[in-house]
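As provided, final30.csv (CSV, N, CA and C atoms) reads as follows.
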```
chain,number,residue,atom,x,y,z
A,1,MET,N,-43.4,32.9,-52.0
A,1,MET,CA,-43.1,34.3,-52.4
A,1,MET,C,-41.6,34.5,-52.5
A,2,MET,N,-41.2,35.1,-53.6
A,2,MET,CA,-39.7,35.3,-53.7
A,2,MET,C,-39.3,36.6,-53.0
A,3,ARG,N,-38.2,36.6,-52.4
A,3,ARG,CA,-37.7,37.8,-51.7
A,3,ARG,C,-36.8,38.5,-52.7
A,4,PRO,N,-36.8,39.8,-52.6
A,4,PRO,CA,-35.9,40.6,-53.5
A,4,PRO,C,-34.5,40.3,-53.2
A,5,PHE,N,-33.7,40.2,-54.2
A,5,PHE,CA,-32.3,39.9,-54.1
A,5,PHE,C,-31.4,41.1,-53.8
A,6,PHE,N,-31.8,42.2,-54.4
A,6,PHE,CA,-31.1,43.5,-54.3
A,6,PHE,C,-30.8,44.0,-52.9
A,7,PRO,N,-31.8,44.0,-52.0
A,7,PRO,CA,-31.5,44.5,-50.6
A,7,PRO,C,-30.5,43.7,-49.9
A,8,VAL,N,-30.5,42.4,-50.1
A,8,VAL,CA,-29.6,41.5,-49.4
A,8,VAL,C,-28.2,41.7,-49.9
A,9,VAL,N,-28.0,41.9,-51.2
A,9,VAL,CA,-26.7,42.1,-51.8
A,9,VAL,C,-26.2,43.5,-51.3
A,10,LEU,N,-27.1,44.5,-51.4
A,10,LEU,CA,-26.7,45.9,-51.0
A,10,LEU,C,-26.3,45.9,-49.5
A,11,THR,N,-27.1,45.2,-48.7
A,11,THR,CA,-26.8,45.2,-47.2
A,11,THR,C,-25.4,44.5,-47.0
A,12,ALA,N,-25.2,43.4,-47.7
A,12,ALA,CA,-23.9,42.7,-47.5
A,12,ALA,C,-22.7,43.6,-48.0
A,13,ALA,N,-22.9,44.3,-49.1
A,13,ALA,CA,-21.9,45.2,-49.6
A,13,ALA,C,-21.6,46.4,-48.7
A,14,LEU,N,-22.7,47.0,-48.1
A,14,LEU,CA,-22.5,48.1,-47.2
A,14,LEU,C,-21.8,47.6,-45.9
A,15,ALA,N,-22.2,46.4,-45.4
A,15,ALA,CA,-21.5,45.8,-44.2
A,15,ALA,C,-20.1,45.6,-44.5
A,16,ALA,N,-19.7,45.1,-45.7
A,16,ALA,CA,-18.3,44.8,-46.0
A,16,ALA,C,-17.5,46.2,-46.1
A,17,ALA,N,-18.2,47.2,-46.7
A,17,ALA,CA,-17.5,48.5,-46.8
A,17,ALA,C,-17.3,49.1,-45.4
A,18,ALA,N,-18.3,49.0,-44.6
A,18,ALA,CA,-18.3,49.6,-43.3
A,18,ALA,C,-17.2,48.9,-42.4
A,19,ALA,N,-17.1,47.6,-42.6
A,19,ALA,CA,-16.1,46.8,-41.8
A,19,ALA,C,-14.7,47.3,-42.1
A,20,GLU,N,-14.5,47.7,-43.3
A,20,GLU,CA,-13.1,48.1,-43.7
A,20,GLU,C,-12.9,49.6,-43.4
A,21,THR,N,-13.9,50.5,-43.4
A,21,THR,CA,-13.6,51.9,-43.3
A,21,THR,C,-14.5,52.6,-42.4
A,22,GLY,N,-15.6,52.1,-42.0
A,22,GLY,CA,-16.6,52.9,-41.3
A,22,GLY,C,-16.9,52.5,-39.9
A,23,PRO,N,-18.1,52.9,-39.5
A,23,PRO,CA,-18.5,52.6,-38.1
A,23,PRO,C,-18.7,51.1,-37.9
A,24,LYS,N,-18.5,50.7,-36.7
A,24,LYS,CA,-18.6,49.4,-36.2
A,24,LYS,C,-19.7,49.3,-35.2
A,25,MET,N,-20.0,48.1,-34.6
A,25,MET,CA,-21.0,48.0,-33.6
A,25,MET,C,-20.6,47.1,-32.5
A,26,LEU,N,-21.3,47.1,-31.4
A,26,LEU,CA,-21.1,46.2,-30.3
A,26,LEU,C,-22.0,45.0,-30.5
A,27,ALA,N,-21.4,43.8,-30.3
A,27,ALA,CA,-22.2,42.6,-30.4
A,27,ALA,C,-22.7,42.2,-29.1
A,28,TYR,N,-24.0,42.0,-29.0
A,28,TYR,CA,-24.7,41.8,-27.7
A,28,TYR,C,-24.8,40.3,-27.5
A,29,SER,N,-24.6,40.0,-26.2
A,29,SER,CA,-24.8,38.6,-25.7
A,29,SER,C,-23.8,37.6,-26.2
A,30,ALA,N,-22.5,38.0,-26.0
A,30,ALA,CA,-21.5,37.1,-26.4
A,30,ALA,C,-21.1,36.2,-25.2
A,31,THR,N,-20.6,35.0,-25.5
A,31,THR,CA,-20.1,34.1,-24.5
A,31,THR,C,-18.6,33.9,-24.8
A,32,PRO,N,-17.8,33.9,-23.8
A,32,PRO,CA,-16.3,33.7,-24.0
A,32,PRO,C,-16.1,32.3,-24.7
A,33,ASN,N,-15.2,32.3,-25.7
A,33,ASN,CA,-15.0,31.1,-26.5
A,33,ASN,C,-13.7,31.1,-27.2
A,34,ALA,N,-13.2,30.0,-27.7
A,34,ALA,CA,-12.0,29.9,-28.4
A,34,ALA,C,-12.0,30.6,-29.8
A,35,TYR,N,-13.2,30.8,-30.4
A,35,TYR,CA,-13.3,31.5,-31.7
A,35,TYR,C,-12.7,32.9,-31.6
A,36,PHE,N,-13.1,33.6,-30.5
A,36,PHE,CA,-12.6,35.0,-30.4
A,36,PHE,C,-11.1,35.1,-30.3
A,37,ASP,N,-10.5,34.1,-29.6
A,37,ASP,CA,-9.0,34.1,-29.6
A,37,ASP,C,-8.4,33.8,-30.9
A,38,ASP,N,-9.0,32.8,-31.6
A,38,ASP,CA,-8.4,32.3,-32.9
A,38,ASP,C,-8.7,33.3,-34.1
A,39,HIS,N,-9.8,34.0,-34.0
A,39,HIS,CA,-10.2,34.9,-35.1
A,39,HIS,C,-10.5,36.3,-34.7
A,40,ALA,N,-9.7,36.8,-33.7
A,40,ALA,CA,-9.9,38.1,-33.2
A,40,ALA,C,-9.9,39.2,-34.3
A,41,ALA,N,-9.0,39.1,-35.3
A,41,ALA,CA,-8.9,40.1,-36.3
A,41,ALA,C,-10.1,40.1,-37.2
A,42,ASP,N,-10.7,38.9,-37.5
A,42,ASP,CA,-12.0,38.9,-38.3
A,42,ASP,C,-13.1,39.5,-37.5
A,43,ALA,N,-13.2,39.2,-36.2
A,43,ALA,CA,-14.3,39.8,-35.4
A,43,ALA,C,-14.1,41.3,-35.2
A,44,ALA,N,-12.9,41.8,-35.1
A,44,ALA,CA,-12.6,43.2,-34.9
A,44,ALA,C,-12.9,44.0,-36.2
A,45,ARG,N,-12.9,43.4,-37.4
A,45,ARG,CA,-13.3,44.1,-38.6
A,45,ARG,C,-14.8,44.5,-38.6
A,46,LEU,N,-15.6,43.7,-37.9
A,46,LEU,CA,-17.0,44.0,-37.9
A,46,LEU,C,-17.5,44.6,-36.6
A,47,TYR,N,-16.9,44.2,-35.5
A,47,TYR,CA,-17.3,44.7,-34.2
A,47,TYR,C,-16.2,45.5,-33.5
A,48,ASP,N,-16.6,46.5,-32.7
A,48,ASP,CA,-15.7,47.3,-31.9
A,48,ASP,C,-15.7,46.7,-30.5
A,49,GLY,N,-16.5,45.7,-30.2
A,49,GLY,CA,-16.5,45.2,-28.9
A,49,GLY,C,-17.7,44.2,-28.7
A,50,PHE,N,-17.8,43.6,-27.6
A,50,PHE,CA,-18.8,42.6,-27.3
A,50,PHE,C,-19.4,42.9,-25.9
A,51,PHE,N,-20.6,42.5,-25.7
A,51,PHE,CA,-21.2,42.4,-24.4
A,51,PHE,C,-21.1,41.0,-24.0
A,52,PHE,N,-20.1,40.7,-23.1
A,52,PHE,CA,-20.0,39.4,-22.6
A,52,PHE,C,-20.9,39.2,-21.4
A,53,VAL,N,-21.9,38.3,-21.6
A,53,VAL,CA,-22.9,38.2,-20.6
A,53,VAL,C,-22.6,37.1,-19.5
A,54,VAL,N,-22.6,37.6,-18.3
A,54,VAL,CA,-22.1,36.8,-17.1
A,54,VAL,C,-23.3,36.1,-16.5
A,55,GLY,N,-24.5,36.5,-16.8
A,55,GLY,CA,-25.7,35.9,-16.2
A,55,GLY,C,-26.3,36.9,-15.2
A,56,SER,N,-26.9,36.3,-14.1
A,56,SER,CA,-27.6,37.2,-13.2
A,56,SER,C,-26.7,37.8,-12.2
A,57,TRP,N,-27.1,38.9,-11.7
A,57,TRP,CA,-26.3,39.7,-10.7
A,57,TRP,C,-26.0,38.8,-9.5
A,58,ASP,N,-27.0,38.1,-9.0
A,58,ASP,CA,-26.8,37.3,-7.7
A,58,ASP,C,-26.0,36.1,-7.9
A,59,GLU,N,-26.2,35.4,-9.1
A,59,GLU,CA,-25.6,34.1,-9.2
A,59,GLU,C,-24.4,34.1,-10.3
A,60,GLY,N,-24.6,34.8,-11.4
A,60,GLY,CA,-23.6,34.8,-12.4
A,60,GLY,C,-22.3,35.5,-12.0
A,61,VAL,N,-22.4,36.6,-11.2
A,61,VAL,CA,-21.2,37.3,-10.8
A,61,VAL,C,-20.4,36.5,-9.9
A,62,THR,N,-21.0,35.8,-8.9
A,62,THR,CA,-20.2,35.0,-8.0
A,62,THR,C,-19.7,33.7,-8.7
A,63,HIS,N,-20.5,33.2,-9.6
A,63,HIS,CA,-20.1,32.0,-10.3
A,63,HIS,C,-18.9,32.2,-11.3
A,64,CYS,N,-19.0,33.3,-12.1
A,64,CYS,CA,-18.0,33.5,-13.2
A,64,CYS,C,-16.9,34.5,-12.8
A,65,LEU,N,-17.1,35.4,-11.9
A,65,LEU,CA,-16.1,36.4,-11.6
A,65,LEU,C,-15.6,36.3,-10.2
A,66,GLY,N,-16.4,35.9,-9.2
A,66,GLY,CA,-16.0,36.0,-7.8
A,66,GLY,C,-16.4,37.3,-7.3
A,67,VAL,N,-16.4,37.4,-5.9
A,67,VAL,CA,-16.8,38.6,-5.3
A,67,VAL,C,-15.8,38.8,-4.1
A,68,GLY,N,-15.3,40.0,-4.0
A,68,GLY,CA,-14.3,40.4,-3.0
A,68,GLY,C,-13.1,39.4,-3.0
A,69,ASP,N,-12.9,38.8,-1.9
A,69,ASP,CA,-11.8,37.8,-1.8
A,69,ASP,C,-12.2,36.4,-2.2
A,70,LEU,N,-13.4,36.2,-2.5
A,70,LEU,CA,-13.9,34.9,-2.9
A,70,LEU,C,-13.7,34.7,-4.4
A,71,PRO,N,-13.0,33.6,-4.7
A,71,PRO,CA,-12.8,33.3,-6.1
A,71,PRO,C,-14.0,32.8,-6.8
A,72,PRO,N,-14.1,32.9,-8.1
A,72,PRO,CA,-15.3,32.4,-8.8
A,72,PRO,C,-15.4,30.9,-8.7
A,73,SER,N,-16.6,30.4,-8.7
A,73,SER,CA,-16.8,29.0,-8.6
A,73,SER,C,-16.5,28.3,-9.9
A,74,ASP,N,-16.5,29.1,-11.0
A,74,ASP,CA,-16.0,28.6,-12.4
A,74,ASP,C,-15.0,29.5,-12.9
A,75,PRO,N,-13.7,29.3,-12.5
A,75,PRO,CA,-12.7,30.3,-13.0
A,75,PRO,C,-12.4,30.2,-14.5
A,76,SER,N,-12.8,29.2,-15.1
A,76,SER,CA,-12.6,29.1,-16.6
A,76,SER,C,-13.3,30.2,-17.3
A,77,TRP,N,-14.5,30.6,-16.9
A,77,TRP,CA,-15.2,31.7,-17.6
A,77,TRP,C,-14.4,32.9,-17.6
A,78,ARG,N,-13.9,33.3,-16.4
A,78,ARG,CA,-13.1,34.5,-16.3
A,78,ARG,C,-11.8,34.4,-17.0
A,79,ASP,N,-11.1,33.3,-17.0
A,79,ASP,CA,-9.9,33.1,-17.7
A,79,ASP,C,-10.1,33.3,-19.2
A,80,LYS,N,-11.2,32.7,-19.7
A,80,LYS,CA,-11.5,32.7,-21.2
A,80,LYS,C,-11.9,34.2,-21.6
A,81,VAL,N,-12.7,34.9,-20.8
A,81,VAL,CA,-13.1,36.2,-21.2
A,81,VAL,C,-11.9,37.2,-21.1
A,82,GLU,N,-11.0,37.0,-20.2
A,82,GLU,CA,-9.8,37.8,-20.1
A,82,GLU,C,-8.9,37.5,-21.4
A,83,SER,N,-8.8,36.3,-21.8
A,83,SER,CA,-8.1,36.0,-23.0
A,83,SER,C,-8.7,36.6,-24.2
A,84,ASN,N,-10.1,36.4,-24.3
A,84,ASN,CA,-10.8,37.0,-25.5
A,84,ASN,C,-10.6,38.5,-25.5
A,85,ILE,N,-10.8,39.2,-24.4
A,85,ILE,CA,-10.7,40.6,-24.4
A,85,ILE,C,-9.3,41.1,-24.8
A,86,ALA,N,-8.2,40.4,-24.3
A,86,ALA,CA,-6.9,40.7,-24.7
A,86,ALA,C,-6.6,40.6,-26.2
A,87,LYS,N,-7.1,39.5,-26.8
A,87,LYS,CA,-6.9,39.2,-28.2
A,87,LYS,C,-7.7,40.2,-29.0
A,88,LEU,N,-8.9,40.5,-28.6
A,88,LEU,CA,-9.8,41.5,-29.3
A,88,LEU,C,-9.2,42.9,-29.3
A,89,ARG,N,-8.7,43.2,-28.1
A,89,ARG,CA,-8.0,44.6,-28.0
A,89,ARG,C,-6.8,44.7,-28.9
A,90,GLU,N,-6.0,43.6,-29.0
A,90,GLU,CA,-4.9,43.6,-29.9
A,90,GLU,C,-5.3,43.8,-31.3
A,91,ALA,N,-6.5,43.3,-31.7
A,91,ALA,CA,-7.0,43.3,-33.0
A,91,ALA,C,-7.7,44.6,-33.3
A,92,GLY,N,-8.0,45.5,-32.3
A,92,GLY,CA,-8.6,46.7,-32.5
A,92,GLY,C,-10.0,46.8,-32.0
A,93,ALA,N,-10.6,45.8,-31.4
A,93,ALA,CA,-11.9,45.8,-30.8
A,93,ALA,C,-11.8,46.2,-29.3
A,94,ALA,N,-11.9,47.4,-29.0
A,94,ALA,CA,-11.5,47.9,-27.6
A,94,ALA,C,-12.7,48.3,-26.7
A,95,GLU,N,-13.9,47.9,-27.1
A,95,GLU,CA,-15.0,48.4,-26.3
A,95,GLU,C,-15.9,47.3,-25.6
A,96,SER,N,-15.3,46.2,-25.3
A,96,SER,CA,-16.0,45.1,-24.7
A,96,SER,C,-16.6,45.5,-23.3
A,97,LEU,N,-17.8,45.0,-23.0
A,97,LEU,CA,-18.5,45.3,-21.8
A,97,LEU,C,-18.9,44.0,-21.1
A,98,LEU,N,-19.3,44.1,-19.9
A,98,LEU,CA,-19.8,42.9,-19.2
A,98,LEU,C,-21.3,43.2,-19.0
A,99,GLY,N,-22.1,42.2,-19.4
A,99,GLY,CA,-23.6,42.3,-19.3
A,99,GLY,C,-24.0,41.4,-18.1
A,100,VAL,N,-24.9,42.0,-17.3
A,100,VAL,CA,-25.5,41.3,-16.2
A,100,VAL,C,-27.0,41.4,-16.2
A,101,SER,N,-27.7,40.3,-16.0
A,101,SER,CA,-29.1,40.4,-16.0
A,101,SER,C,-29.7,40.5,-14.6
A,102,PHE,N,-30.9,41.0,-14.6
A,102,PHE,CA,-31.7,41.1,-13.3
A,102,PHE,C,-33.0,40.5,-13.6
A,103,GLY,N,-33.3,39.3,-13.0
A,103,GLY,CA,-34.5,38.6,-13.3
A,103,GLY,C,-35.7,39.3,-12.7
A,104,ASP,N,-36.9,38.9,-13.3
A,104,ASP,CA,-38.1,39.5,-12.8
A,104,ASP,C,-38.4,39.2,-11.4
A,105,SER,N,-38.0,38.0,-10.9
A,105,SER,CA,-38.3,37.7,-9.5
A,105,SER,C,-37.1,38.0,-8.6
A,106,GLU,N,-36.0,38.5,-9.1
A,106,GLU,CA,-34.9,38.9,-8.3
A,106,GLU,C,-35.0,40.4,-7.9
A,107,PRO,N,-34.3,40.8,-6.8
A,107,PRO,CA,-34.3,42.2,-6.4
A,107,PRO,C,-33.6,43.0,-7.5
A,108,TRP,N,-34.1,44.1,-7.8
A,108,TRP,CA,-33.5,45.0,-8.8
A,108,TRP,C,-32.4,45.8,-8.2
A,109,PRO,N,-31.4,46.2,-9.1
A,109,PRO,CA,-30.3,46.9,-8.5
A,109,PRO,C,-30.6,48.2,-7.9
A,110,SER,N,-29.8,48.6,-6.9
A,110,SER,CA,-30.0,49.9,-6.3
A,110,SER,C,-28.6,50.5,-6.2
A,111,PRO,N,-28.5,51.8,-5.9
A,111,PRO,CA,-27.2,52.4,-5.8
A,111,PRO,C,-26.3,51.7,-4.8
A,112,GLU,N,-26.9,51.2,-3.8
A,112,GLU,CA,-26.1,50.5,-2.8
A,112,GLU,C,-25.5,49.2,-3.4
A,113,THR,N,-26.2,48.5,-4.2
A,113,THR,CA,-25.7,47.2,-4.8
A,113,THR,C,-24.7,47.5,-5.9
A,114,LEU,N,-25.1,48.4,-6.8
A,114,LEU,CA,-24.3,48.7,-8.0
A,114,LEU,C,-23.0,49.4,-7.6
A,115,LEU,N,-23.0,50.2,-6.6
A,115,LEU,CA,-21.7,50.9,-6.2
A,115,LEU,C,-21.0,50.2,-5.1
A,116,SER,N,-21.5,49.0,-4.7
A,116,SER,CA,-20.8,48.3,-3.6
A,116,SER,C,-19.4,47.9,-4.0
A,117,ALA,N,-18.5,48.1,-3.0
A,117,ALA,CA,-17.1,47.7,-3.3
A,117,ALA,C,-17.0,46.2,-3.5
A,118,ASP,N,-17.9,45.4,-3.0
A,118,ASP,CA,-17.9,44.0,-3.3
A,118,ASP,C,-18.0,43.7,-4.8
A,119,PHE,N,-18.8,44.4,-5.5
A,119,PHE,CA,-19.1,44.2,-6.9
A,119,PHE,C,-18.3,45.0,-7.9
A,120,THR,N,-17.5,46.0,-7.4
A,120,THR,CA,-16.8,46.8,-8.3
A,120,THR,C,-15.3,46.7,-8.1
A,121,ALA,N,-14.8,45.8,-7.2
A,121,ALA,CA,-13.4,45.7,-6.9
A,121,ALA,C,-12.6,45.0,-8.0
A,122,TYR,N,-13.2,44.1,-8.7
A,122,TYR,CA,-12.5,43.4,-9.8
A,122,TYR,C,-12.5,44.1,-11.1
A,123,LYS,N,-11.3,44.3,-11.6
A,123,LYS,CA,-11.2,45.0,-12.9
A,123,LYS,C,-10.5,44.0,-13.9
A,124,LEU,N,-11.1,43.9,-15.1
A,124,LEU,CA,-10.5,43.1,-16.2
A,124,LEU,C,-9.3,43.8,-16.8
```
Give the structure from the file, written as structure tokens.
Amino acid sequence: MMRPFFPVVLTAALAAAAAETGPKMLAYSATPNAYFDDHAADAARLYDGFFFVVGSWDEGVTHCLGVGDLPPSDPSWRDKVESNIAKLREAGAAESLLGVSFGDSEPWPSPETLLSADFTAYKL
């Protein structure tokens, strides 16, 4: 079955026009990488920010960001996301967020965990 060509062309044209003059969007589930540093201006034309996903609350936060005075077990993730956010902000994408998952078998967040000084002390 042939797919109509017109909607695809129209969608691409609208996206290109919006990227230059109109609303932008947040990209979900981004991973820190060299592309965002090297092509921040291109990314910022389409996106106003990214959800950088750190992983699970219990493991991803300690692994990628560190908690309290404890450094992250993988400091390269934090270093790369800091670099990505700085380059993206310079290019105009200023709304990047940190995404954290809560697994089905893990305890769900509570006010005590979400507002804990252990998890809110680090600022990018």
message: For a quick check of understanding, using only C-alpha atoms, which of A:Ala44, A:Ser73, A:Met25, A:Ala34 has the smallest distance to A:Glu59?
response: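 Among A:Ala44, A:Ser73, A:Met25, A:Ala34, it is A:Ser73 that comes nearest to A:Glu59.
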- request: Could you jot down the atom C of A:Arg78 to atom N of A:Lys24 separation for me, Å, one decimal place?
  value: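 Between atom C of A:Arg78 and atom N of A:Lys24 the gap works out to 26.4 Å.
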message: So that I can see what lies close to stretch 79-82 of chain A, please list as a PyMOL selection string the residues with an atom at most 9 Å from it, counting only C-alpha atoms and leaving out residues fewer than 4 positions away in the same chain.
response: chain A and resi 31-34+37+52+75+86-87+124
Serialized selection, N, CA and C atoms, as a compact mmCIF listing (two decimals), in the coordinates of the input:
```txt
# COMPACT_ATOMS: atom_id res chain seq x y z
N THR A 31 -20.60 35.00 -25.50
CA THR A 31 -20.10 34.10 -24.50
C THR A 31 -18.60 33.90 -24.80
N PRO A 32 -17.80 33.90 -23.80
CA PRO A 32 -16.30 33.70 -24.00
C PRO A 32 -16.10 32.30 -24.70
N ASN A 33 -15.20 32.30 -25.70
CA ASN A 33 -15.00 31.10 -26.50
C ASN A 33 -13.70 31.10 -27.20
N ALA A 34 -13.20 30.00 -27.70
CA ALA A 34 -12.00 29.90 -28.40
C ALA A 34 -12.00 30.60 -29.80
N ASP A 37 -10.50 34.10 -29.60
CA ASP A 37 -9.00 34.10 -29.60
C ASP A 37 -8.40 33.80 -30.90
N PHE A 52 -20.10 40.70 -23.10
CA PHE A 52 -20.00 39.40 -22.60
C PHE A 52 -20.90 39.20 -21.40
N PRO A 75 -13.70 29.30 -12.50
CA PRO A 75 -12.70 30.30 -13.00
C PRO A 75 -12.40 30.20 -14.50
N ALA A 86 -8.20 40.40 -24.30
CA ALA A 86 -6.90 40.70 -24.70
C ALA A 86 -6.60 40.60 -26.20
N LYS A 87 -7.10 39.50 -26.80
CA LYS A 87 -6.90 39.20 -28.20
C LYS A 87 -7.70 40.20 -29.00
N LEU A 124 -11.10 43.90 -15.10
CA LEU A 124 -10.50 43.10 -16.20
C LEU A 124 -9.30 43.80 -16.80
```
Distance criterion (all atoms listed in the file): nearest to A:Ala93 out of A:Gly49, A:Gly60, A:Gly55, A:Pro71: A:Gly49
Test item: residues at most 12 Å from A:Phe51, only C-alpha atoms, excluding those fewer than 4 positions along its chain, as a list in words: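 Answer for this query is Met25, Leu26, Ala27, Tyr28, Ser29, Ala30, Thr31, Pro32, Tyr47, Gly55, Val81, Asn84, Ile85, Ala93, Ala94, Glu95, Ser96, Leu97, Leu98, Gly99, Val100 and Ser101 of chain A.
Atom to atom, atom N of A:Val53 and atom CA of A:Ala40 stand 16.7 Å apart.
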message: Between A:Leu46, A:Gly103, A:Asp69, A:Ala41, which residue has the minimum interatomic distance to A:Ala91, considering only C-alpha atoms?
response: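 Closest to A:Ala91 of all the choices is A:Ala41.
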- prompt: Quick one: distance from atom CA of A:Ala43 to atom CA of A:Ser76 in Å, one decimal?
  reply: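 Those two atoms sit 21.7 Å apart.
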Which of stretch 24-106 of chain A fall in alpha helix (DSSP H), as a ChimeraX atom specification: /A:34-38,40-46,60-64,75-91
